[in-house]
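Visitor: Structure below; questions to follow.
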Amino acid sequence: MRATNWIVLAAAAGIAGHAAAQHEHHHGGMTAGAPPGQAERGQAMREWTRFPVLISGRPGEERAVTVKPVGIAASELLVFASDGPADKRKAAVPVEDGGARIEPAAPKLGNYHWVVARSETEGEVRVASTAVYFSNPGAAPTAMLAMPKHELEIVPQPLPREHGQYRESEKWDFLVRFNGAPLADQPVTLETQSGSRSSFVSDAQGRVVVLFPRDFKPAQPGRDGGREMGPRRAGFVLAAEREADGKRYLTAFNYSYSPDADRDRSLAWGAAFGVLGMAAAVPLLRRRPAKETPHA
């Protein structure tokens, strides 16, 4: 093989390897660069969804997370834990300066904590819920999720495991309950920060199979001119509404999802094969038709 061909093939492998390495960095957070503040994220939420949501910050040095209710008036948030002292597995945390400071139920305790905001008027009950993950070990949230927490609920079945996440193009199960019992034939709406809107209906067991849309926009160029290096994530909300006992019930569960794991890898290999095609064409371009010898 000519030296030129080896150079082109090496370049193709470099492109694939570099893109695949960048893909490995896309596994959490919001976007590249400094994460937006809680106020900015709250405003962004109001721009793409009409449902109440809870905006979570990130654990600080003291492993506390600030959670802000948006679209719902709540003076306190209820926090449910899967582990820890019995009197700490359900705690009411006051909302101060627009947010509530959420901590694990016990020192060095981790895994998921469930957070709920609830408001009630004479004719309406509104609920917003989310999950907050702490990195230390802790009991699985199975029993915590099974426990009824308010009237109309949307409950993940299950939540993603450690280092896992919801991803576009994947199907995930959720349970719709009313007063602790599975609710059949209940419409559920999915809205995503990327602009998608889908509708689902619960089955006889109250189960809803949610397909996350493939709606992430292409990664933007990074500051150095290359592909975006930071992890990417977008918000979603699942909501249900029901009339019962002379009241309107609205419940919403919000969390985040990430791009399809194969999205960037497919682009990388597409670019690599494109370069390989160019490499295969090099010998053909170099060939010249033999000059005809003029007749005497």
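Here, A, B, ... name the chains of the structure tokens in the order displayed, residue numbers run from 1 inside each chain, and ligands are numbered from 1 in the same displayed order.
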Might you pull out every residue within 6 Å of Thr66 (chain A), with only C-alpha atoms counted and same-chain residues fewer than 6 positions away left off, and present them as a PyMOL selection string?
Guide: chain A and resi 56-57+99-102
Visitor: Run DSSP on the backbone and give me the residues of region 172-268 of chain A it puts in strand (DSSP E), as a PyMOL selection string.
Guide: chain A and resi 172-178+181-182+187-192+197-201+207-211+234-244+247-258
Visitor: Those residues you just picked out, can you put them in a file as an mmCIF file, in the first residue's frame with C-alpha atoms?
Guide:
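Below you can see out.cif, which holds the result:
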```cif
data_model
loop_
_atom_site.group_PDB
_atom_site.id
_atom_site.type_symbol
_atom_site.label_atom_id
_atom_site.label_comp_id
_atom_site.auth_asym_id
_atom_site.auth_seq_id
_atom_site.Cartn_x
_atom_site.Cartn_y
_atom_site.Cartn_z
ATOM 1 C CA TRP A 172 -39.441 3.015 30.223
ATOM 2 C CA ASP A 173 -42.343 1.913 32.432
ATOM 3 C CA PHE A 174 -44.272 4.207 34.754
ATOM 4 C CA LEU A 175 -47.203 3.486 37.072
ATOM 5 C CA VAL A 176 -50.241 5.753 37.443
ATOM 6 C CA ARG A 177 -51.988 5.516 40.832
ATOM 7 C CA PHE A 178 -55.003 7.187 42.387
ATOM 8 C CA ALA A 181 -54.543 1.931 43.528
ATOM 9 C CA PRO A 182 -53.413 1.474 39.889
ATOM 10 C CA PRO A 187 -54.121 9.697 29.697
ATOM 11 C CA VAL A 188 -50.535 10.787 30.388
ATOM 12 C CA THR A 189 -48.686 13.578 28.592
ATOM 13 C CA LEU A 190 -44.947 13.708 27.963
ATOM 14 C CA GLU A 191 -43.268 17.045 27.230
ATOM 15 C CA THR A 192 -39.527 17.451 26.639
ATOM 16 C CA ARG A 197 -45.028 16.302 23.042
ATOM 17 C CA SER A 198 -46.482 12.772 23.220
ATOM 18 C CA SER A 199 -49.566 11.147 24.734
ATOM 19 C CA PHE A 200 -49.955 7.716 26.325
ATOM 20 C CA VAL A 201 -52.744 5.817 28.093
ATOM 21 C CA ARG A 207 -48.826 0.892 33.573
ATOM 22 C CA VAL A 208 -47.675 3.383 30.962
ATOM 23 C CA VAL A 209 -44.854 2.482 28.568
ATOM 24 C CA VAL A 210 -43.165 5.752 27.630
ATOM 25 C CA LEU A 211 -41.014 5.996 24.523
ATOM 26 C CA ALA A 234 -32.467 17.819 28.807
ATOM 27 C CA GLY A 235 -35.540 17.934 30.987
ATOM 28 C CA PHE A 236 -38.801 16.057 30.575
ATOM 29 C CA VAL A 237 -42.094 16.008 32.450
ATOM 30 C CA LEU A 238 -44.841 13.378 32.607
ATOM 31 C CA ALA A 239 -48.231 14.699 33.689
ATOM 32 C CA ALA A 240 -51.769 13.445 34.307
ATOM 33 C CA GLU A 241 -55.030 15.237 35.133
ATOM 34 C CA ARG A 242 -58.197 13.776 36.623
ATOM 35 C CA GLU A 243 -61.573 14.995 37.926
ATOM 36 C CA ALA A 244 -62.830 13.201 41.043
ATOM 37 C CA LYS A 247 -61.887 18.349 42.508
ATOM 38 C CA ARG A 248 -59.378 18.557 39.704
ATOM 39 C CA TYR A 249 -56.152 16.639 40.356
ATOM 40 C CA LEU A 250 -52.964 17.448 38.465
ATOM 41 C CA THR A 251 -49.747 15.516 39.044
ATOM 42 C CA ALA A 252 -46.385 15.796 37.303
ATOM 43 C CA PHE A 253 -43.070 13.946 37.530
ATOM 44 C CA ASN A 254 -40.027 15.630 36.016
ATOM 45 C CA TYR A 255 -36.463 14.436 35.541
ATOM 46 C CA SER A 256 -33.857 14.492 32.758
ATOM 47 C CA TYR A 257 -32.902 12.336 29.794
ATOM 48 C CA SER A 258 -29.842 12.082 27.538
#
```
Visitor: Find the residue from A:Ala184, A:Val115, A:Val127, A:Ala105 that sits nearest to Asp83 (chain A); use only C-alpha atoms when measuring.
Guide: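 So, comparing all the options, the nearest one is A:Ala105.
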Visitor: Give me the residues near Ser135 (chain A) as a list in words, where near means some atom within 10 Å (using only C-alpha atoms) and where sequence neighbours in that chain fewer than 4 positions away do not count.
Guide: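 Near Ser135 (chain A), the qualifying residues are Pro59, Arg63, Lys108, Leu109, Gly110, Asn111, Tyr112, Glu162 and His163 of chain A.
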Visitor: Go ahead and write the residues just picked, N, CA and C atoms, as a JSON list (two decimals), in the first residue's frame.
Guide:
```
[["chain", "number", "residue", "atom", "x", "y", "z"],
["A", 59, "PRO", "N", -25.38, 18.42, 44.15],
["A", 59, "PRO", "CA", -24.86, 18.32, 45.51],
["A", 59, "PRO", "C", -23.61, 19.17, 45.70],
["A", 63, "ARG", "N", -23.03, 17.96, 50.44],
["A", 63, "ARG", "CA", -23.90, 16.96, 49.85],
["A", 63, "ARG", "C", -25.37, 17.34, 49.99],
["A", 108, "LYS", "N", -23.51, 9.89, 55.06],
["A", 108, "LYS", "CA", -22.93, 8.82, 54.24],
["A", 108, "LYS", "C", -24.00, 7.91, 53.62],
["A", 109, "LEU", "N", -25.25, 8.38, 53.59],
["A", 109, "LEU", "CA", -26.33, 7.63, 52.98],
["A", 109, "LEU", "C", -26.62, 8.21, 51.61],
["A", 110, "GLY", "N", -26.80, 7.34, 50.62],
["A", 110, "GLY", "CA", -27.04, 7.84, 49.28],
["A", 110, "GLY", "C", -28.26, 7.22, 48.63],
["A", 111, "ASN", "N", -28.16, 7.03, 47.31],
["A", 111, "ASN", "CA", -29.22, 6.54, 46.46],
["A", 111, "ASN", "C", -30.33, 7.59, 46.34],
["A", 112, "TYR", "N", -31.48, 7.18, 45.77],
["A", 112, "TYR", "CA", -32.53, 8.14, 45.45],
["A", 112, "TYR", "C", -33.32, 8.60, 46.68],
["A", 162, "GLU", "N", -27.66, 3.35, 39.29],
["A", 162, "GLU", "CA", -26.51, 4.24, 39.43],
["A", 162, "GLU", "C", -25.75, 4.34, 38.11],
["A", 163, "HIS", "N", -25.40, 5.55, 37.73],
["A", 163, "HIS", "CA", -24.71, 5.86, 36.47],
["A", 163, "HIS", "C", -25.60, 5.63, 35.25]]
```
Visitor: CA of Tyr133 (chain A) to CA of Ser82 (chain A): how many Å, to one decimal?
Guide: 11.4 Å
Visitor: Closest to Arg233 (chain A) among A:Gly195, A:Gln186, A:Gln165, A:Ser119, using only C-alpha atoms?
Guide: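 Ranked by minimum distance to Arg233 (chain A), first place goes to A:Gln165.
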Visitor: So that I can see what lies close to Met147 (chain A), please list as a tab-separated table (two decimals) with C-alpha atoms, in the first residue's frame the residues with an atom at most 12 Å from it, counting only C-alpha atoms and leaving out residues fewer than 6 positions away in the same chain.
Guide:
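selection-v4.tsv was written with the following content:
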```
chain	number	residue	atom	x	y	z
A	80	PHE	CA	-38.90	10.51	51.20
A	81	ALA	CA	-35.82	8.30	51.67
A	82	SER	CA	-35.30	4.57	51.10
A	89	ARG	CA	-37.38	8.67	55.98
A	90	LYS	CA	-40.07	11.31	55.58
A	114	TRP	CA	-38.16	11.35	46.35
A	141	PRO	CA	-35.81	2.80	46.16
A	153	GLU	CA	-49.27	9.85	41.21
A	155	VAL	CA	-44.23	6.61	39.63
A	177	ARG	CA	-51.99	5.52	40.83
A	179	ASN	CA	-55.46	6.92	46.15
A	180	GLY	CA	-52.90	4.12	46.19
A	181	ALA	CA	-54.54	1.93	43.53
```
Visitor: Quick one: residues within 8 Å of Asp185 (chain A), only C-alpha atoms counted, chain neighbours fewer than 6 positions away excluded, as a ChimeraX atom specification?
Guide: /A:201-204,206
Visitor: What is the CA of Lys68 (chain A) to CA of Ala117 (chain A) distance in Å?
Guide: 9.5 Å
Visitor: Write down as number ranges by chain the residues of region 44-165 of chain A whose backbone DSSP state falls under alpha helix (DSSP H).
Guide: A: 44-48, 142-146
Visitor: Of the candidates A:Arg232, A:Arg126, A:His113, A:Arg214, which one gets nearest to Leu152 (chain A) if we count only C-alpha atoms?
Guide: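 For Leu152 (chain A), the nearest of the candidates is A:Arg126.
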Visitor: Using CA of Gln157 (chain A) and CA of Glu124 (chain A) as the two end points, give the distance in Å to one decimal.
Guide: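 Going from CA of Gln157 (chain A) over to CA of Glu124 (chain A) covers 26.9 Å.
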Visitor: Nearest to Arg118 (chain A): which of A:Thr130, A:Ser75, A:Gln205, A:Gln220 is it, counting only C-alpha atoms?
Guide: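 Distance minimum relative to Arg118 (chain A) lands on A:Ser75.
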